[in-house]
Amino acid sequence: MESRIKNICCIGAGYVGGPTMAVIADKCPHINVKVVDINSDRINAWNSEDLSKLPVFEPGLEEIIKRTRFKNLNFSCQVEKEIQNAEMIFISVNTPTKKSGLGAGQASDLKYVEACARQVAINAKDHTIVVEKSTLPVRTAEVIKNILEAYQIHNSKNGEKPTFDVLSNPEFLSEGSAINDLEYPDRVLIGGQNKEAILSLSEIYRNWVPEKKILHTNIWSSELAKLTANAFLAQRISAINAIGALCESTGADVREVARAIGSDSRIGSRFLDSGPGFGGSCFKKDILNLVYLSNYFGLPEVANFWESVVHLNTWHQHRISKLVVTKLFGTITQKKITVLGFAFKANTNDTRESAAITICKDLLEEGANIVIHDPKVTAQQISNDLGQEEGVHSINEGSWHFSKNLYDSFINSDACLILTEWIEYSNINWVKVSKMMRQPAWVFDARSISNFQKVKDADLSFWRVGDGS
Ligand code: NAD
Ligand code: UGA
C-alpha cells in the first residue's frame, strides 16, 4: 500500500519501542524506521550480531530483526539527526511514577517525554506528526503541543515555521506475547484532531491490520482509554486473588469459581488466574496515575476505588510470604527455600514490579536462605532488585543464591515456592525432588501449575493459591 509517510523515527528503544518498530518495519518495507535512544548499551545490544543478546526477549522477535535490521530498521543514538529526517516521530520513552515532589508515589514522571518534545521542537524540519506511544496521563498531548508551539516561534527559518500534529496511539501489547499482539492486535487506537494526520498513521497500520480494528477517538479519550484498560485488567486480578483468599478459608477452589463465572459471556474467561499478585512495569504505575488524576480533578471516591486494587495486590503478596512462614512451623530462619521463577510472568526476562521481589524480600527478612532459579533472569538483575548481593547475609541472616540448574536448587531444601509459570515448572519430577529435599518438605504453588496428585504422591505437603478443598 502506498504511504505518505516514508521515514519514521521512534524515540525510546525499550520493551515497546523495539518490538513495535520491528513489526512496523517488517510489515512496511517501503518505510524507513529509525529507533533512537540515549542509552548506548541498549542500542549496542539491539545491534549485536548475536541475536540472543537483544535487550528484549520476545518469542518471534529474533526472526523479525533478522529480516529487517540494517535494511529498513536501524538502531542508533543519533537522536537529533533522525528527528530531522522523519515525517512521523513516535515517543516511546519510559513514564515511571514520580519519586519526589508534587504527586510523588502516584503521578507519572513526564520528564523524559518533555525532553523528547523539546528535542523534536528544536530539530524537526517541515511538517512533523508526533505520536504518543508511551502511556501518558490524560491531557499530556496539550503539554507536548504547548512545547512544540513555543519553540515554533523561535525556530522559524526565513519565516518558514515547522508545523506539528500530535496524535495519541497507545500500545496494548503484553510482554511475552508482544509480537503476536502487534501482528494481530484486538484494536489499534488512534486519538487526534487532524484528519490528515490520523489518516497518515492509519495508513501505516492498514498494511496488516483490518480497517475495522483501527479505532479513531478524540485525543483525551485515547489517552484515558489506555490507563483504563490497564486498570480494568489489574482490577480483575485483584478481584480473583481476593476471592482466592476467601476460597482458602471456606473450602472452595478459586479455579472452579473462575471457571463458573468466566463462562458467563458478560464476564469472560480471560484474566481470571489467581497468582502471586500482578507485577510488570505498568499496572501499578498506571493505576496510581489514575488515582492521582482522580484526586487532582476533585474525585477522591474514584481515587480510593482504584487505589484499593493496588492495596489488595500488595496485601496478597505479603499474605503468601506469611503463609510460607506459618506452614514451616512459624520460622524460616536458616531454612533453605527454593524459589522457582523471578520474572513477573513467563516468557519474559522482565522483573519490574515482580511479585517475586516483594515475596523474596519478606523471606530474607525472616532469615531464610533462598535459592532462586529462573530460565531468563540473570543473577545480576536479581541482585539489583533485592538490593542485596548474592551470597551476602543480611542483618537478619537471610541470604540468596542463584541456581542455573533447576534440580540442583532442591538439594536440602525445606520448601519450594513457584512464583512464575515457566513451562518447565509444570513438568517437575516430584519423586526425584522429594528425595533431594529435607523432610518434611513443602511445595507452595502460587501459580497453580503443578500436578496436585503427583506432588502428594511424592510425599510432599502441598499448598496452592486459592485452594481450600
Ligand atoms: P523502557 O524503559 O523499556 O524503554 C524506554 C527507553 O526510552 C529507554 O531505553 C530510555 O533510555 C529511553 N529514553 C528515555 N528518555 C529518552 C530521550 N530523551 N531520548 C531518547 N531515549 C530516551 O520502557 P517501555 O517498557 O518500553 O515503556 C515505554 C512506554 O510504553 C511507557 O510509557 C509504558 O508505560 C508504555 N507501555 C509499556 C508496555 C510494556 O509492556 N512494557 C506496554 C504498553 C505500554
Ligand atoms: C499488561 C497488559 O496486559 C497490556 O495490555 C499492556 O499493554 C501492558 O500491561 C502495559 O501497558 O505495560 P503485561 O504487563 O506485559 O501487559 O502482562 P500481563 O499479561 O497483563 O500480566 C501482568 C501481570 O498480571 C503479571 O504479573 C501476570 O502474571 C499477572 N496475571 C495476569 C495474573 O496474575 N492473572 C491473570 O489472569 C493474568
# chains A, B, ... in the order shown; residues from 1 in each chain; ligands from 1
$ residues_near_ligand --ligand "ligand 2" --cutoff "6 Å" --atoms "only C-alpha atoms and all ligand atoms" --output "tab-separated table (two decimals) with C-alpha atoms, in the first residue's frame"
chain	number	residue	atom	x	y	z
A	171	GLU	CA	0.28	0.43	22.91
A	172	PHE	CA	-1.62	-2.57	24.29
A	173	LEU	CA	0.99	-5.30	23.80
A	174	SER	CA	1.75	-7.72	26.63
A	175	GLU	CA	5.30	-8.82	27.27
A	230	ASN	CA	-4.74	-1.49	32.41
A	237	ILE	CA	-6.57	-9.93	39.09
A	271	PHE	CA	-7.51	-12.73	33.20
A	272	LEU	CA	-9.06	-14.79	35.97
A	273	ASP	CA	-5.96	-16.76	37.01
A	274	SER	CA	-5.24	-16.37	40.68
A	275	GLY	CA	-1.48	-15.98	41.20
A	277	GLY	CA	-0.28	-10.83	42.54
A	278	PHE	CA	0.20	-8.78	39.41
A	279	GLY	CA	3.62	-7.42	38.51
A	280	GLY	CA	5.07	-5.78	35.43
A	281	SER	CA	6.15	-2.25	34.76
A	282	CYS	CA	2.73	-0.80	34.09
A	283	PHE	CA	-0.29	-1.99	36.08
A	344	PHE	CA	6.87	-11.08	36.66
A	345	LYS	CA	5.36	-13.68	34.33
$ residues_near_ligand --ligand "ligand 1" --cutoff "8 Å" --atoms "only C-alpha atoms and all ligand atoms" --output "VMD selection string"
chain A and resid 11 to 18 36 to 39 42 77 79 92 to 96 112 to 116 119 133 to 136 170 to 175 178 280 to 282 285 to 286
$ closest_residue --among "A:Pro162, A:Glu307, A:Pro375, A:Ile382" --to "Cys360 in chain A" --atoms "only C-alpha atoms"
A:Ile382
$ atom_distance --atom1 "CA of Gly391 in chain A" --atom2 "CA of Leu419 in chain A"
21.1 Å
$ atom_distance --atom1 "CA of Ala368 in chain A" --atom2 "CA of Ser321 in chain A"
11.3 Å
$ closest_residue --among "A:His127, A:His318, A:Arg206, A:Lys376" --to "Leu363 in chain A" --atoms "only C-alpha atoms"
A:His318
$ residues_around --residues "range 295-300 of chain A" --least-positions-apart "2" --cutoff "12 Å" --atoms "only C-alpha atoms" --output "PyMOL selection string"
chain A and resi 102-103+106-107+137-138+288-293+302-307
$ write_last_selection --atoms "all heavy atoms" --output "compact mmCIF listing (two decimals), in the first residue's frame"
# COMPACT_ATOMS: atom_id res chain seq x y z
N LEU A 102 5.85 17.11 43.85
CA LEU A 102 4.39 17.10 43.72
C LEU A 102 3.92 15.79 43.08
O LEU A 102 4.40 15.41 42.01
CB LEU A 102 3.98 18.29 42.83
CG LEU A 102 2.52 18.70 42.86
CD1 LEU A 102 2.12 19.23 44.23
CD2 LEU A 102 2.26 19.76 41.79
N GLY A 103 3.01 15.10 43.75
CA GLY A 103 2.47 13.86 43.18
C GLY A 103 3.38 12.66 43.35
O GLY A 103 3.16 11.61 42.74
N GLN A 106 2.68 8.66 42.98
CA GLN A 106 1.46 8.40 42.20
C GLN A 106 1.54 8.94 40.77
O GLN A 106 1.30 8.21 39.82
CB GLN A 106 0.25 9.01 42.91
CG GLN A 106 -0.13 8.29 44.18
CD GLN A 106 -1.44 8.77 44.76
OE1 GLN A 106 -1.87 9.88 44.50
NE2 GLN A 106 -2.07 7.92 45.56
N ALA A 107 1.85 10.24 40.66
CA ALA A 107 1.81 10.86 39.32
C ALA A 107 2.91 10.31 38.43
O ALA A 107 3.96 9.85 38.92
CB ALA A 107 1.98 12.37 39.47
N PRO A 137 -0.62 10.39 31.16
CA PRO A 137 -1.81 10.91 31.82
C PRO A 137 -2.70 11.63 30.81
O PRO A 137 -2.17 12.23 29.84
CB PRO A 137 -1.26 11.90 32.84
CG PRO A 137 0.19 11.69 32.89
CD PRO A 137 0.62 10.95 31.69
N VAL A 138 -4.01 11.57 31.03
CA VAL A 138 -4.91 12.26 30.11
C VAL A 138 -4.59 13.75 30.11
O VAL A 138 -4.31 14.34 31.14
CB VAL A 138 -6.39 11.95 30.46
CG1 VAL A 138 -6.73 12.36 31.88
CG2 VAL A 138 -7.35 12.58 29.48
N LEU A 288 -1.87 3.98 39.77
CA LEU A 288 -1.51 5.08 40.67
C LEU A 288 -1.65 6.42 39.95
O LEU A 288 -2.05 7.42 40.54
CB LEU A 288 -0.10 4.90 41.23
CG LEU A 288 0.03 3.72 42.21
CD1 LEU A 288 1.46 3.55 42.67
CD2 LEU A 288 -0.90 3.90 43.42
N ASN A 289 -1.37 6.40 38.68
CA ASN A 289 -1.55 7.61 37.88
C ASN A 289 -3.03 8.00 37.80
O ASN A 289 -3.40 9.17 37.94
CB ASN A 289 -0.96 7.35 36.49
CG ASN A 289 -0.90 8.61 35.65
OD1 ASN A 289 -0.99 8.56 34.45
ND2 ASN A 289 -0.78 9.76 36.30
N LEU A 290 -3.86 6.97 37.66
CA LEU A 290 -5.31 7.21 37.62
C LEU A 290 -5.79 7.75 38.98
O LEU A 290 -6.64 8.64 39.05
CB LEU A 290 -6.00 5.87 37.32
CG LEU A 290 -7.32 5.85 36.60
CD1 LEU A 290 -7.28 6.63 35.31
CD2 LEU A 290 -7.73 4.40 36.32
N VAL A 291 -5.20 7.23 40.05
CA VAL A 291 -5.53 7.69 41.41
C VAL A 291 -5.17 9.17 41.54
O VAL A 291 -5.96 9.99 42.02
CB VAL A 291 -4.76 6.84 42.47
CG1 VAL A 291 -4.89 7.44 43.86
CG2 VAL A 291 -5.25 5.39 42.45
N TYR A 292 -3.97 9.50 41.06
CA TYR A 292 -3.50 10.88 41.15
C TYR A 292 -4.43 11.81 40.36
O TYR A 292 -4.87 12.85 40.85
CB TYR A 292 -2.06 10.99 40.63
CG TYR A 292 -1.55 12.41 40.64
CD1 TYR A 292 -1.15 13.00 41.83
CD2 TYR A 292 -1.49 13.15 39.46
CE1 TYR A 292 -0.69 14.31 41.85
CE2 TYR A 292 -1.03 14.46 39.47
CZ TYR A 292 -0.64 15.04 40.67
OH TYR A 292 -0.20 16.33 40.68
N LEU A 293 -4.75 11.38 39.14
CA LEU A 293 -5.61 12.22 38.28
C LEU A 293 -6.99 12.42 38.92
O LEU A 293 -7.54 13.52 38.91
CB LEU A 293 -5.79 11.56 36.91
CG LEU A 293 -4.59 11.63 35.96
CD1 LEU A 293 -4.83 10.74 34.76
CD2 LEU A 293 -4.37 13.07 35.50
N VAL A 302 -13.39 8.20 43.61
CA VAL A 302 -12.90 7.46 42.43
C VAL A 302 -11.46 7.02 42.69
O VAL A 302 -11.06 5.88 42.42
CB VAL A 302 -12.99 8.36 41.16
CG1 VAL A 302 -12.44 7.63 39.95
CG2 VAL A 302 -14.43 8.80 40.92
N ALA A 303 -10.68 7.94 43.26
CA ALA A 303 -9.28 7.64 43.56
C ALA A 303 -9.19 6.45 44.52
O ALA A 303 -8.41 5.51 44.31
CB ALA A 303 -8.60 8.86 44.17
N ASN A 304 -10.01 6.47 45.57
CA ASN A 304 -9.95 5.39 46.58
C ASN A 304 -10.34 4.05 45.97
O ASN A 304 -9.76 3.01 46.30
CB ASN A 304 -10.91 5.69 47.75
CG ASN A 304 -10.42 6.88 48.54
OD1 ASN A 304 -9.26 7.27 48.40
ND2 ASN A 304 -11.29 7.47 49.33
N PHE A 305 -11.32 4.08 45.07
CA PHE A 305 -11.76 2.85 44.41
C PHE A 305 -10.58 2.19 43.71
O PHE A 305 -10.28 1.00 43.89
CB PHE A 305 -12.89 3.17 43.42
CG PHE A 305 -13.30 2.01 42.57
CD1 PHE A 305 -14.10 1.00 43.10
CD2 PHE A 305 -12.89 1.91 41.25
CE1 PHE A 305 -14.47 -0.08 42.31
CE2 PHE A 305 -13.27 0.84 40.46
CZ PHE A 305 -14.07 -0.17 40.99
N TRP A 306 -9.86 2.96 42.92
CA TRP A 306 -8.76 2.38 42.15
C TRP A 306 -7.56 2.05 43.03
O TRP A 306 -6.87 1.05 42.80
CB TRP A 306 -8.36 3.30 40.98
CG TRP A 306 -9.40 3.25 39.91
CD1 TRP A 306 -10.24 4.25 39.53
CD2 TRP A 306 -9.76 2.11 39.11
NE1 TRP A 306 -11.10 3.81 38.54
CE2 TRP A 306 -10.82 2.50 38.26
CE3 TRP A 306 -9.30 0.79 39.03
CZ2 TRP A 306 -11.42 1.62 37.35
CZ3 TRP A 306 -9.90 -0.08 38.12
CH2 TRP A 306 -10.94 0.34 37.31
N GLU A 307 -7.35 2.86 44.06
CA GLU A 307 -6.19 2.59 44.92
C GLU A 307 -6.33 1.24 45.63
O GLU A 307 -5.34 0.55 45.90
CB GLU A 307 -6.02 3.73 45.94
CG GLU A 307 -4.61 3.75 46.52
CD GLU A 307 -4.29 5.04 47.25
OE1 GLU A 307 -5.23 5.80 47.60
OE2 GLU A 307 -3.09 5.29 47.48
$ closest_residue --among "A:Ile83, A:Ile219, A:Ala104, A:Ala242" --to "Asn123 in chain A" --atoms "only C-alpha atoms"
A:Ile83
$ select_by_dssp --residues "range 123-191 of chain A" --states "helix (DSSP H, G or I)" --output "PyMOL selection string"
chain A and resi 123+140-155+178-183
$ closest_residue --among "A:Gln388, A:Thr420, A:Val431, A:Leu328" --to "Ser354 in chain A" --atoms "only C-alpha atoms"
A:Thr420
$ atom_distance --atom1 "CA of Gly330 in chain A" --atom2 "CA of Val443 in chain A"
16.1 Å
$ select_by_dssp --residues "range 72-209 of chain A" --states "strand (DSSP E)" --output "VMD selection string"
chain A and resid 73 to 76 88 to 91 127 to 132 163 to 168 188 to 191
$ residues_around --residues "range 55-66 of chain A" --least-positions-apart "4" --cutoff "10 Å" --atoms "only C-alpha atoms" --output "PyMOL selection string"
chain A and resi 13-16+18-19+22-23+25-27+41-51+70-71+73-74+175-180+347-350+376
$ write_last_selection --atoms "C-alpha atoms" --output "compact mmCIF listing (two decimals), in the first residue's frame"
# COMPACT_ATOMS: atom_id res chain seq x y z
CA ALA A 13 14.37 1.59 22.19
CA GLY A 14 12.77 -0.24 25.12
CA TYR A 15 10.26 -3.07 25.53
CA VAL A 16 7.72 -1.11 23.47
CA GLY A 18 11.99 -2.01 19.87
CA PRO A 19 9.34 -4.67 19.10
CA ALA A 22 10.44 -4.02 14.30
CA VAL A 23 6.91 -5.09 13.36
CA ALA A 25 9.46 -2.23 9.55
CA ASP A 26 8.60 -5.85 8.78
CA LYS A 27 5.07 -5.06 7.57
CA ASP A 41 24.39 -0.04 25.83
CA ARG A 42 20.83 -0.71 24.79
CA ILE A 43 21.47 0.42 21.23
CA ASN A 44 24.60 -1.75 21.04
CA ALA A 45 22.57 -4.70 22.25
CA TRP A 46 19.94 -4.07 19.54
CA ASN A 47 22.78 -4.01 17.00
CA SER A 48 24.57 -7.06 18.35
CA GLU A 49 25.41 -9.78 15.85
CA ASP A 50 24.39 -12.49 18.31
CA LEU A 51 20.60 -12.20 18.29
CA PHE A 70 20.24 -2.88 8.63
CA LYS A 71 17.63 -2.84 5.82
CA LEU A 73 15.16 -0.87 10.50
CA ASN A 74 18.13 0.79 12.22
CA GLU A 175 5.30 -8.82 27.27
CA GLY A 176 5.97 -12.40 26.27
CA SER A 177 3.38 -12.23 23.50
CA ALA A 178 4.39 -8.83 22.11
CA ILE A 179 4.97 -9.96 18.53
CA ASN A 180 1.68 -11.78 18.27
CA ASN A 347 8.23 -15.83 28.60
CA THR A 348 9.93 -12.59 29.60
CA ASN A 349 13.20 -11.63 31.30
CA ASP A 350 11.49 -8.58 32.80
CA LYS A 376 15.76 -15.99 31.69
$ decode --residues "range 90-215 of chain A" --atoms "C-alpha atoms" --output "JSON list (two decimals), in the first residue's frame"
[["chain", "number", "residue", "atom", "x", "y", "z"],
["A", 90, "PHE", "CA", 6.87, 8.11, 17.93],
["A", 91, "ILE", "CA", 7.60, 8.97, 21.56],
["A", 92, "SER", "CA", 8.10, 5.65, 23.31],
["A", 93, "VAL", "CA", 10.11, 6.58, 26.37],
["A", 94, "ASN", "CA", 9.55, 5.46, 29.94],
["A", 95, "THR", "CA", 6.96, 7.20, 32.12],
["A", 96, "PRO", "CA", 7.74, 5.99, 35.64],
["A", 97, "THR", "CA", 5.97, 7.03, 38.81],
["A", 98, "LYS", "CA", 7.39, 10.25, 40.29],
["A", 99, "LYS", "CA", 9.72, 9.57, 43.21],
["A", 100, "SER", "CA", 9.73, 13.04, 44.75],
["A", 101, "GLY", "CA", 8.00, 16.40, 44.62],
["A", 102, "LEU", "CA", 4.39, 17.10, 43.72],
["A", 103, "GLY", "CA", 2.47, 13.86, 43.18],
["A", 104, "ALA", "CA", 5.38, 11.68, 44.39],
["A", 105, "GLY", "CA", 4.44, 7.99, 44.53],
["A", 106, "GLN", "CA", 1.46, 8.40, 42.20],
["A", 107, "ALA", "CA", 1.81, 10.86, 39.32],
["A", 108, "SER", "CA", 3.73, 9.92, 36.18],
["A", 109, "ASP", "CA", 7.14, 11.49, 35.81],
["A", 110, "LEU", "CA", 6.93, 13.18, 32.43],
["A", 111, "LYS", "CA", 10.49, 14.47, 32.34],
["A", 112, "TYR", "CA", 11.55, 12.03, 29.59],
["A", 113, "VAL", "CA", 8.51, 12.84, 27.48],
["A", 114, "GLU", "CA", 9.08, 16.54, 27.94],
["A", 115, "ALA", "CA", 12.75, 16.16, 26.95],
["A", 116, "CYS", "CA", 11.62, 14.38, 23.76],
["A", 117, "ALA", "CA", 9.12, 17.11, 22.94],
["A", 118, "ARG", "CA", 11.85, 19.73, 23.28],
["A", 119, "GLN", "CA", 14.24, 17.77, 21.09],
["A", 120, "VAL", "CA", 11.58, 17.31, 18.44],
["A", 121, "ALA", "CA", 10.70, 21.01, 18.65],
["A", 122, "ILE", "CA", 14.31, 22.06, 18.13],
["A", 123, "ASN", "CA", 15.24, 19.59, 15.41],
["A", 124, "ALA", "CA", 12.12, 18.93, 13.36],
["A", 125, "LYS", "CA", 12.02, 20.24, 9.81],
["A", 126, "ASP", "CA", 8.84, 20.93, 7.86],
["A", 127, "HIS", "CA", 5.62, 19.27, 8.99],
["A", 128, "THR", "CA", 6.02, 16.56, 11.64],
["A", 129, "ILE", "CA", 3.45, 14.24, 13.18],
["A", 130, "VAL", "CA", 4.30, 13.46, 16.80],
["A", 131, "VAL", "CA", 2.74, 10.25, 18.08],
["A", 132, "GLU", "CA", 2.39, 9.47, 21.78],
["A", 133, "LYS", "CA", 3.22, 5.77, 22.11],
["A", 134, "SER", "CA", 4.13, 5.93, 25.80],
["A", 135, "THR", "CA", 1.31, 5.57, 28.31],
["A", 136, "LEU", "CA", 0.51, 9.09, 29.46],
["A", 137, "PRO", "CA", -1.81, 10.91, 31.82],
["A", 138, "VAL", "CA", -4.91, 12.26, 30.11],
["A", 139, "ARG", "CA", -4.25, 15.72, 28.61],
["A", 140, "THR", "CA", -0.48, 15.20, 28.10],
["A", 141, "ALA", "CA", -0.92, 15.94, 24.40],
["A", 142, "GLU", "CA", -1.69, 19.50, 25.48],
["A", 143, "VAL", "CA", 1.70, 19.73, 27.20],
["A", 144, "ILE", "CA", 3.51, 18.34, 24.16],
["A", 145, "LYS", "CA", 1.67, 20.71, 21.85],
["A", 146, "ASN", "CA", 2.48, 23.71, 24.07],
["A", 147, "ILE", "CA", 6.18, 22.87, 23.99],
["A", 148, "LEU", "CA", 6.21, 22.32, 20.23],
["A", 149, "GLU", "CA", 4.38, 25.58, 19.61],
["A", 150, "ALA", "CA", 6.58, 27.57, 21.99],
["A", 151, "TYR", "CA", 9.70, 26.54, 20.09],
["A", 152, "GLN", "CA", 8.00, 27.07, 16.75],
["A", 153, "ILE", "CA", 8.20, 30.81, 17.28],
["A", 154, "HIS", "CA", 11.98, 30.71, 17.87],
["A", 155, "ASN", "CA", 12.61, 28.09, 15.28],
["A", 156, "SER", "CA", 11.20, 29.78, 12.22],
["A", 157, "LYS", "CA", 13.70, 29.75, 9.36],
["A", 158, "ASN", "CA", 13.27, 32.57, 6.84],
["A", 159, "GLY", "CA", 9.73, 33.00, 8.07],
["A", 160, "GLU", "CA", 9.03, 29.27, 7.47],
["A", 161, "LYS", "CA", 7.95, 27.59, 10.67],
["A", 162, "PRO", "CA", 7.96, 23.84, 11.21],
["A", 163, "THR", "CA", 4.42, 22.66, 11.95],
["A", 164, "PHE", "CA", 3.20, 19.81, 14.12],
["A", 165, "ASP", "CA", 0.28, 17.50, 14.76],
["A", 166, "VAL", "CA", 0.06, 15.44, 17.93],
["A", 167, "LEU", "CA", -1.67, 12.04, 17.97],
["A", 168, "SER", "CA", -2.23, 9.53, 20.75],
["A", 169, "ASN", "CA", -1.61, 5.89, 19.75],
["A", 170, "PRO", "CA", -1.23, 3.90, 22.98],
["A", 171, "GLU", "CA", 0.28, 0.43, 22.91],
["A", 172, "PHE", "CA", -1.62, -2.57, 24.29],
["A", 173, "LEU", "CA", 0.99, -5.30, 23.80],
["A", 174, "SER", "CA", 1.75, -7.72, 26.63],
["A", 175, "GLU", "CA", 5.30, -8.82, 27.27],
["A", 176, "GLY", "CA", 5.97, -12.40, 26.27],
["A", 177, "SER", "CA", 3.38, -12.23, 23.50],
["A", 178, "ALA", "CA", 4.39, -8.83, 22.11],
["A", 179, "ILE", "CA", 4.97, -9.96, 18.53],
["A", 180, "ASN", "CA", 1.68, -11.78, 18.27],
["A", 181, "ASP", "CA", -0.13, -8.85, 19.92],
["A", 182, "LEU", "CA", 1.46, -6.44, 17.45],
["A", 183, "GLU", "CA", 0.78, -8.59, 14.40],
["A", 184, "TYR", "CA", -2.81, -9.43, 15.37],
["A", 185, "PRO", "CA", -3.99, -6.62, 17.65],
["A", 186, "ASP", "CA", -7.54, -6.64, 19.10],
["A", 187, "ARG", "CA", -7.61, -3.00, 18.09],
["A", 188, "VAL", "CA", -5.34, -0.09, 17.22],
["A", 189, "LEU", "CA", -6.38, 3.12, 18.92],
["A", 190, "ILE", "CA", -5.67, 6.50, 17.34],
["A", 191, "GLY", "CA", -6.74, 9.67, 19.07],
["A", 192, "GLY", "CA", -6.36, 13.07, 17.50],
["A", 193, "GLN", "CA", -7.94, 16.08, 15.87],
["A", 194, "ASN", "CA", -6.35, 16.48, 12.50],
["A", 195, "LYS", "CA", -7.91, 14.13, 9.93],
["A", 196, "GLU", "CA", -4.88, 14.11, 7.62],
["A", 197, "ALA", "CA", -2.54, 13.15, 10.46],
["A", 198, "ILE", "CA", -4.90, 10.40, 11.64],
["A", 199, "LEU", "CA", -5.11, 9.09, 8.09],
["A", 200, "SER", "CA", -1.31, 9.02, 7.74],
["A", 201, "LEU", "CA", -0.96, 6.86, 10.85],
["A", 202, "SER", "CA", -3.96, 4.65, 9.95],
["A", 203, "GLU", "CA", -2.40, 4.01, 6.55],
["A", 204, "ILE", "CA", 0.68, 2.53, 8.18],
["A", 205, "TYR", "CA", -1.36, 0.10, 10.30],
["A", 206, "ARG", "CA", -3.60, -0.80, 7.36],
["A", 207, "ASN", "CA", -0.64, -2.64, 5.85],
["A", 208, "TRP", "CA", -1.54, -5.52, 8.18],
["A", 209, "VAL", "CA", -4.44, -4.55, 10.47],
["A", 210, "PRO", "CA", -8.02, -4.80, 9.15],
["A", 211, "GLU", "CA", -9.62, -1.36, 8.91],
["A", 212, "LYS", "CA", -12.46, -2.20, 11.29],
["A", 213, "LYS", "CA", -9.92, -2.79, 14.05],
["A", 214, "ILE", "CA", -8.48, 0.72, 13.77],
["A", 215, "LEU", "CA", -10.45, 2.91, 16.17]]
